[in-house]
Amino acid sequence: MSGAHKITWWGGLDPYTFVVWISEDKVFDFPNPTEFEPLFVRSLFLPPEAAHVDFVNSLTDPAQRVTALTAFSAYAHEWRHWYDTTSTPWGLARMGQLTAFYATLVSIEPWLDDQALVFVPLTTWEQAPELAQDLVPGLERIEPEVSRILSNALNVLRKSDHALRAHATIAGRTVSTTQIVEGLAMLQQELCVDGVFGAKAAADLRASIRAPGGDGVYYTAVDVVEDRFGPDRESLIAVLEAALHVNYGVYSTTTPLTPAELLAELVAMPEPTDDTPLSERIDATVFRFQGFNRRDAFDMTYEVSAKTLDQVTAAAVQTPDGGSAKHVRTVLASAVRAAFTWSAAARHRHDLGDDILLDAVPQPAPYSLPAPVVIEGYPGRMTLKSQFANSHITRLAGAEGPGRAFLKAYGDAVADPALMDTDETFVSSVLWTPTPDTGETAIPYLELLGVVRELLYWRGITFGPGAISPITYFSTTVAEAEARGQQLVGQTNGGAR
Amino acid sequence: MSFMVEVYSSDVSLLTDFHPTIKPLARVATAPAEVLDAASLDLDLATLVGEVFRIAASFGELGGAISAVDALVGLMQRRKKTGVTTTAEVVVDGTKITFSGDLTPEQLADRVQRARDAFAAAAGASPGPP
């Protein structure tokens with residue numbers, strides 16, 4: 001086996017598909033995956049429970065224990081990313097612009113439909129046509145109008161990435177927005193572990209991340225805040241999430257007032273001279289930084305982002321029926337809007353008026369406000385077709401979790417000899433995911449799952465397979481291109497075909 | 001037979017030094033340029049560094065690509081001797097191989113071999129229509 005299929009992460013919020021991706025791959029590195037895997041999968045949809053505690057307690061190897069703790073809390077980590085990107089000003093601005101990026105990009109669909117050969121990535125075809133033509137003799141250049149649309153879309157994307165990649169020096173350490181977001185996710189993960197497995201387990205989780213060879217940078221922002229405000233987890237979360245309250249309703253997304261700069265201001269806030277609560281001191285600091293407190297920053301950014309989504313809705317209405325462009329615009333505009341509404345209601349539930357039925361408002365917690373989740377794993381490390389009838393996936397199919405059900409259909413993939421040591425047909429887990437089609441319990445933003453495949457097509461042809469796992473690229477981008485009668489050339493991914 | 005190789009690094013000076021080497025080995029090689037689209041990146045890089053730069057090159061034969069990687073490794077090792085440890089990712093047809101000045105000789109040999117295997121696979125799979 002080439003090992004090329006192996007991936008080393010448990011999950012991630014992919015903002016470019018608007019959903020949380022969970023990988024089952026690492027489960028199979030565990031000595032006892034058959035017992036571990038069902039518990040892991042269950043933790044993605046229902047809170048860890050006594051069976052998880054029993055499993056962890058049965059492990060004598062400390063490394064295995066912390067691996068299990070990490071796995072069982074992975075969803076909580078990724079959920080936090082979903083929550084922050086759908087209910088903070090930074091997140092609203094970013095998600096709104098990402099929607100605008102796709103809404104613009106799909107404008108090239110009429111031209112694309114006429115292309116029998118599509119050079120991947122489109123960005124290279126557009127920016128280095130001589131390279132593309134050297135690789136594919138006879139390939140035409142991209143038309144100027146298409147080039148203009150691509151440039152416009154990429155400009156929007158760059159704006160949305162600006163704040164994410166911004167960084168500042170705080171107390172001698174470089175802290176980026178990404179690290180703020182990762183810090184919040186680690187604290188959420190600790191909260192989950194603490195609540196189910198105890199404080200010692202949460203400390204073990206943190207120690208494992210900070211250990212040499214671990215992902216210590218995930219704690220950089222936490223460390224900076226902890227040095228200033230102490231170890232209280234609630235305070236750490238309050239300060240870090242306050243940093244995501246730059247007012248993008250007033251300032252542009254490329255403003256130098258970035259989350260990292262706001263965090264620097266928060267860390268530098270004066271010591272209290274009285275018993276003013278931390279929340280008020282945070283708001284005063286946020287106001288000093290930008291002239292708006294957190295609530296105003298949220299409200300104004302929400303309005304601007306909602307207008308962007310309204311524009312996408314209007315564009316969708318004008319888009320001819322039948323193509324991906326209409327579907328992408330329609331679904332993103334409504335589902336992202338719904339995500340904002342649900343997450344914001346959860347975050348601000350205590351500020352909602354009396355006319356709101358609070359029981360109907362989700363708690364700001366992983367299993368009450370479920371993130372859209374896609375689960376992937378590589379064929380070969382997943383379930384052989386011949387064993388499908390006995391797999392846990394079969395047992396889960398049709399099972400209902402809170403507000404969701406498991407998709408009942410799966411796709412097949414034939415293993416590539418370069419990846420696998422057998423050519424048997426495998427079940428591709430990429431195609432199993434919770435579905436929003438659950439009747440009364442449907443949550444409107446889970447409609448995002450219905451457009452993931454198309455988003456991966458657009459993303460895959462635009463940027464290439466680099467950021468997508470081979471099997472996902474194969475079963476989304478390549479499969480969609482084939483359905484359109486297109487032959488992908490250039491970086492077509494030899495990893496899975 | 002032609003295939004594309006991309007080299008990513010947050011160290012633009014590494015790619016600037018590498019460009020004159022890769023240019024005569026490749027059929028076409030782009031100048032180092034910042035990758036402005038995080039969507040094209042593996043999150044390992046995109047989440048942890050502010051800037052990432054890229055060179056893309058087309059090769060008509062295996063030997064040129066292998067020589068290019070050898071040259072890249074040589075550059076990184078020379079930098080390590082001066083106390084500068086850099087990381088670069090070589091991407092060919094969806095396969096990513098990470099090189100770092102921190103690698104042990106065994107790790108380095110393994111990565112170089114993986115790169116050669118990936119080049120061979122890419123060279124065998126034509127990027128264009130037959």
# chains A, B, ... in the order shown; residues from 1 in each chain; ligands from 1
$ select_by_dssp --residues "segment 25-121 of chain B" --states "helix (DSSP H, G or I)" --output "PyMOL selection string"
chain B and resi 25+38-40+43-46+62-81+105-121
$ write_last_selection --atoms "C-alpha atoms" --output "PDB file, in the first residue's frame"
ATOM      1  CA  LEU B  25      14.905  21.408 -15.684  1.00  0.00           C
ATOM      2  CA  ALA B  38      -6.544  29.425   0.971  1.00  0.00           C
ATOM      3  CA  ALA B  39      -9.121  27.124  -0.563  1.00  0.00           C
ATOM      4  CA  SER B  40      -6.408  25.602  -2.685  1.00  0.00           C
ATOM      5  CA  LEU B  43      -5.254  23.152   6.020  1.00  0.00           C
ATOM      6  CA  ASP B  44      -1.970  22.070   7.608  1.00  0.00           C
ATOM      7  CA  LEU B  45      -0.362  25.008   5.895  1.00  0.00           C
ATOM      8  CA  ALA B  46      -3.304  27.317   5.506  1.00  0.00           C
ATOM      9  CA  LEU B  62      10.996  11.990 -15.034  1.00  0.00           C
ATOM     10  CA  GLY B  63      14.653  12.883 -14.687  1.00  0.00           C
ATOM     11  CA  GLY B  64      14.014  16.610 -14.654  1.00  0.00           C
ATOM     12  CA  ALA B  65      11.495  16.388 -11.835  1.00  0.00           C
ATOM     13  CA  ILE B  66      13.737  14.113  -9.790  1.00  0.00           C
ATOM     14  CA  SER B  67      16.674  16.475 -10.274  1.00  0.00           C
ATOM     15  CA  ALA B  68      14.475  19.365  -9.207  1.00  0.00           C
ATOM     16  CA  VAL B  69      13.517  17.664  -5.939  1.00  0.00           C
ATOM     17  CA  ASP B  70      17.132  16.735  -5.289  1.00  0.00           C
ATOM     18  CA  ALA B  71      18.049  20.382  -5.800  1.00  0.00           C
ATOM     19  CA  LEU B  72      15.262  21.511  -3.458  1.00  0.00           C
ATOM     20  CA  VAL B  73      16.455  19.133  -0.757  1.00  0.00           C
ATOM     21  CA  GLY B  74      20.008  20.361  -1.241  1.00  0.00           C
ATOM     22  CA  LEU B  75      18.877  23.958  -0.831  1.00  0.00           C
ATOM     23  CA  MET B  76      17.019  23.141   2.366  1.00  0.00           C
ATOM     24  CA  GLN B  77      19.976  21.259   3.797  1.00  0.00           C
ATOM     25  CA  ARG B  78      22.324  24.141   3.072  1.00  0.00           C
ATOM     26  CA  ARG B  79      19.883  26.460   4.840  1.00  0.00           C
ATOM     27  CA  LYS B  80      19.748  24.168   7.818  1.00  0.00           C
ATOM     28  CA  LYS B  81      23.519  24.414   8.172  1.00  0.00           C
ATOM     29  CA  PRO B 105      18.304  11.100   6.925  1.00  0.00           C
ATOM     30  CA  GLU B 106      15.946   8.103   6.966  1.00  0.00           C
ATOM     31  CA  GLN B 107      12.865  10.309   6.738  1.00  0.00           C
ATOM     32  CA  LEU B 108      14.436  12.346   3.987  1.00  0.00           C
ATOM     33  CA  ALA B 109      15.279   9.252   1.973  1.00  0.00           C
ATOM     34  CA  ASP B 110      11.709   8.029   2.387  1.00  0.00           C
ATOM     35  CA  ARG B 111      10.230  11.354   1.247  1.00  0.00           C
ATOM     36  CA  VAL B 112      12.530  11.545  -1.768  1.00  0.00           C
ATOM     37  CA  GLN B 113      11.520   8.027  -2.740  1.00  0.00           C
ATOM     38  CA  ARG B 114       7.838   8.930  -2.325  1.00  0.00           C
ATOM     39  CA  ALA B 115       8.330  11.948  -4.551  1.00  0.00           C
ATOM     40  CA  ARG B 116       9.996   9.793  -7.195  1.00  0.00           C
ATOM     41  CA  ASP B 117       7.138   7.279  -7.007  1.00  0.00           C
ATOM     42  CA  ALA B 118       4.595  10.061  -7.353  1.00  0.00           C
ATOM     43  CA  PHE B 119       6.430  11.509 -10.333  1.00  0.00           C
ATOM     44  CA  ALA B 120       6.566   8.096 -11.961  1.00  0.00           C
ATOM     45  CA  ALA B 121       2.845   7.598 -11.393  1.00  0.00           C
TER      46      ALA B 121
END
$ residues_around --residues "Leu332 of chain A" --least-positions-apart "6" --cutoff "12 Å" --atoms "only C-alpha atoms" --output "ChimeraX atom specification"
/A:16-19,95-103,306,308-313,315-316,324-326,338-340,444-452,454-455
$ atom_distance --atom1 "atom CA of Ala93 of chain A" --atom2 "atom CA of Ile180 of chain A"
16.4 Å
$ residues_around --residues "segment 89-91 of chain B" --least-positions-apart "3" --cutoff "8 Å" --atoms "only C-alpha atoms" --output "ChimeraX atom specification"
/A:466 /B:5-9,94-99,115
$ write_last_selection --atoms "N, CA and C atoms" --output "CSV table (one decimal), in the first residue's frame"
chain,number,residue,atom,x,y,z
A,466,GLY,N,-5.7,19.5,-4.2
A,466,GLY,CA,-4.8,19.7,-3.1
A,466,GLY,C,-5.4,19.6,-1.7
B,5,VAL,N,4.2,19.6,-11.5
B,5,VAL,CA,4.7,19.5,-10.1
B,5,VAL,C,4.5,20.9,-9.5
B,6,GLU,N,4.0,21.0,-8.3
B,6,GLU,CA,3.9,22.3,-7.6
B,6,GLU,C,4.7,22.2,-6.3
B,7,VAL,N,5.3,23.3,-6.0
B,7,VAL,CA,6.1,23.4,-4.8
B,7,VAL,C,5.6,24.5,-3.9
B,8,TYR,N,5.2,24.2,-2.7
B,8,TYR,CA,4.6,25.3,-1.8
B,8,TYR,C,5.6,25.5,-0.7
B,9,SER,N,5.7,26.7,-0.2
B,9,SER,CA,6.5,27.0,1.0
B,9,SER,C,6.1,28.4,1.5
B,94,GLY,N,-2.2,15.5,-6.9
B,94,GLY,CA,-2.9,15.2,-5.7
B,94,GLY,C,-2.2,14.6,-4.5
B,95,THR,N,-0.9,14.1,-4.8
B,95,THR,CA,-0.1,13.6,-3.7
B,95,THR,C,0.8,14.6,-3.2
B,96,LYS,N,0.8,14.8,-1.9
B,96,LYS,CA,1.6,15.8,-1.2
B,96,LYS,C,2.7,15.2,-0.4
B,97,ILE,N,4.0,15.6,-0.7
B,97,ILE,CA,5.1,15.2,0.1
B,97,ILE,C,5.7,16.4,0.8
B,98,THR,N,5.9,16.3,2.1
B,98,THR,CA,6.4,17.4,2.8
B,98,THR,C,7.9,17.2,3.1
B,99,PHE,N,8.7,18.2,2.8
B,99,PHE,CA,10.1,18.2,3.1
B,99,PHE,C,10.4,19.3,4.1
B,115,ALA,N,8.5,11.0,-3.5
B,115,ALA,CA,8.3,11.9,-4.6
B,115,ALA,C,8.6,11.3,-5.9
$ residues_around --residues "Val118 of chain A" --least-positions-apart "3" --cutoff "7 Å" --atoms "only C-alpha atoms" --output "VMD selection string"
chain A and resid 115 486 to 489
$ residues_around --residues "Glu190 of chain A" --least-positions-apart "5" --cutoff "12 Å" --atoms "only C-alpha atoms" --output "PyMOL selection string"
chain A and resi 66+69-70+72-77+80+183-185+195-209+219+233-234+237
$ write_last_selection --atoms "N, CA and C atoms" --output "mmCIF file, in the first residue's frame"
data_model
loop_
_atom_site.group_PDB
_atom_site.id
_atom_site.type_symbol
_atom_site.label_atom_id
_atom_site.label_comp_id
_atom_site.auth_asym_id
_atom_site.auth_seq_id
_atom_site.Cartn_x
_atom_site.Cartn_y
_atom_site.Cartn_z
ATOM 1 N N VAL A 66 -5.691 8.810 25.624
ATOM 2 C CA VAL A 66 -5.832 10.183 25.146
ATOM 3 C C VAL A 66 -6.290 10.203 23.682
ATOM 4 N N LEU A 69 -9.978 9.779 24.000
ATOM 5 C CA LEU A 69 -10.581 11.036 24.480
ATOM 6 C C LEU A 69 -10.653 12.063 23.350
ATOM 7 N N THR A 70 -9.577 12.145 22.591
ATOM 8 C CA THR A 70 -9.537 13.086 21.469
ATOM 9 C C THR A 70 -10.620 12.752 20.453
ATOM 10 N N PHE A 72 -13.444 11.012 20.868
ATOM 11 C CA PHE A 72 -14.807 11.156 21.359
ATOM 12 C C PHE A 72 -15.217 12.629 21.538
ATOM 13 N N SER A 73 -14.241 13.519 21.547
ATOM 14 C CA SER A 73 -14.548 14.947 21.690
ATOM 15 C C SER A 73 -14.252 15.715 20.402
ATOM 16 N N ALA A 74 -13.879 15.011 19.353
ATOM 17 C CA ALA A 74 -13.515 15.678 18.091
ATOM 18 C C ALA A 74 -14.686 16.483 17.538
ATOM 19 N N TYR A 75 -15.874 15.916 17.646
ATOM 20 C CA TYR A 75 -17.037 16.646 17.118
ATOM 21 C C TYR A 75 -17.241 17.960 17.881
ATOM 22 N N ALA A 76 -17.045 17.923 19.197
ATOM 23 C CA ALA A 76 -17.214 19.153 19.984
ATOM 24 C C ALA A 76 -16.257 20.236 19.493
ATOM 25 N N HIS A 77 -15.036 19.832 19.175
ATOM 26 C CA HIS A 77 -14.035 20.768 18.648
ATOM 27 C C HIS A 77 -14.526 21.387 17.335
ATOM 28 N N ARG A 80 -17.481 23.743 17.472
ATOM 29 C CA ARG A 80 -17.171 25.106 17.908
ATOM 30 C C ARG A 80 -16.806 25.984 16.697
ATOM 31 N N GLY A 183 -8.110 27.946 19.379
ATOM 32 C CA GLY A 183 -8.111 27.988 20.842
ATOM 33 C C GLY A 183 -9.509 27.785 21.398
ATOM 34 N N LEU A 184 -10.478 28.459 20.797
ATOM 35 C CA LEU A 184 -11.870 28.284 21.224
ATOM 36 C C LEU A 184 -12.313 26.837 21.045
ATOM 37 N N ALA A 185 -11.892 26.235 19.949
ATOM 38 C CA ALA A 185 -12.289 24.843 19.686
ATOM 39 C C ALA A 185 -11.640 23.891 20.692
ATOM 40 N N GLY A 195 -16.691 17.317 31.108
ATOM 41 C CA GLY A 195 -18.056 16.989 31.519
ATOM 42 C C GLY A 195 -18.342 15.501 31.539
ATOM 43 N N VAL A 196 -17.711 14.752 30.664
ATOM 44 C CA VAL A 196 -18.014 13.312 30.560
ATOM 45 C C VAL A 196 -16.957 12.463 31.262
ATOM 46 N N PHE A 197 -15.690 12.839 31.091
ATOM 47 C CA PHE A 197 -14.605 11.981 31.564
ATOM 48 C C PHE A 197 -13.866 12.566 32.779
ATOM 49 N N GLY A 198 -14.147 13.817 33.113
ATOM 50 C CA GLY A 198 -13.532 14.420 34.293
ATOM 51 C C GLY A 198 -12.394 15.372 33.970
ATOM 52 N N ALA A 199 -12.053 16.186 34.989
ATOM 53 C CA ALA A 199 -11.054 17.243 34.809
ATOM 54 C C ALA A 199 -9.684 16.683 34.483
ATOM 55 N N LYS A 200 -9.343 15.547 35.070
ATOM 56 C CA LYS A 200 -8.027 14.957 34.809
ATOM 57 C C LYS A 200 -7.905 14.582 33.332
ATOM 58 N N ALA A 201 -8.987 14.056 32.782
ATOM 59 C CA ALA A 201 -8.974 13.682 31.361
ATOM 60 C C ALA A 201 -8.809 14.925 30.485
ATOM 61 N N ALA A 202 -9.484 16.014 30.852
ATOM 62 C CA ALA A 202 -9.346 17.261 30.081
ATOM 63 C C ALA A 202 -7.910 17.770 30.135
ATOM 64 N N ALA A 203 -7.305 17.660 31.309
ATOM 65 C CA ALA A 203 -5.899 18.083 31.448
ATOM 66 C C ALA A 203 -4.993 17.195 30.599
ATOM 67 N N ASP A 204 -5.296 15.900 30.564
ATOM 68 C CA ASP A 204 -4.503 14.979 29.742
ATOM 69 C C ASP A 204 -4.611 15.340 28.258
ATOM 70 N N LEU A 205 -5.822 15.708 27.853
ATOM 71 C CA LEU A 205 -6.022 16.109 26.457
ATOM 72 C C LEU A 205 -5.147 17.309 26.126
ATOM 73 N N ARG A 206 -5.190 18.319 26.989
ATOM 74 C CA ARG A 206 -4.388 19.521 26.735
ATOM 75 C C ARG A 206 -2.901 19.178 26.709
ATOM 76 N N ALA A 207 -2.489 18.362 27.655
ATOM 77 C CA ALA A 207 -1.065 18.005 27.721
ATOM 78 C C ALA A 207 -0.627 17.282 26.450
ATOM 79 N N SER A 208 -1.501 16.464 25.905
ATOM 80 C CA SER A 208 -1.122 15.706 24.697
ATOM 81 C C SER A 208 -0.948 16.629 23.500
ATOM 82 N N ILE A 209 -1.792 17.662 23.435
ATOM 83 C CA ILE A 209 -1.681 18.605 22.319
ATOM 84 C C ILE A 209 -0.412 19.441 22.459
ATOM 85 N N TYR A 219 -2.894 26.004 20.990
ATOM 86 C CA TYR A 219 -3.080 26.622 22.298
ATOM 87 C C TYR A 219 -2.400 27.986 22.409
ATOM 88 N N ARG A 233 -11.799 28.630 32.552
ATOM 89 C CA ARG A 233 -12.147 28.331 31.159
ATOM 90 C C ARG A 233 -13.203 29.284 30.609
ATOM 91 N N GLU A 234 -14.159 29.617 31.448
ATOM 92 C CA GLU A 234 -15.238 30.513 31.001
ATOM 93 C C GLU A 234 -14.677 31.883 30.599
ATOM 94 N N ILE A 237 -12.762 31.629 27.276
ATOM 95 C CA ILE A 237 -13.675 31.596 26.129
ATOM 96 C C ILE A 237 -14.250 32.983 25.867
#
$ closest_residue --among "B:Ser100, B:Ile55, B:Leu14, B:Val84" --to "chain A" --atoms "only C-alpha atoms"
B:Ile55
$ closest_residue --among "A:Gly230, A:Ala314, A:Phe28, A:Trp79" --to "Phe45 of chain A" --atoms "only C-alpha atoms"
A:Trp79
$ closest_residue --among "A:Arg347, A:Arg294, A:His245, A:Lys159" --to "chain B" --atoms "only C-alpha atoms"
A:Lys159
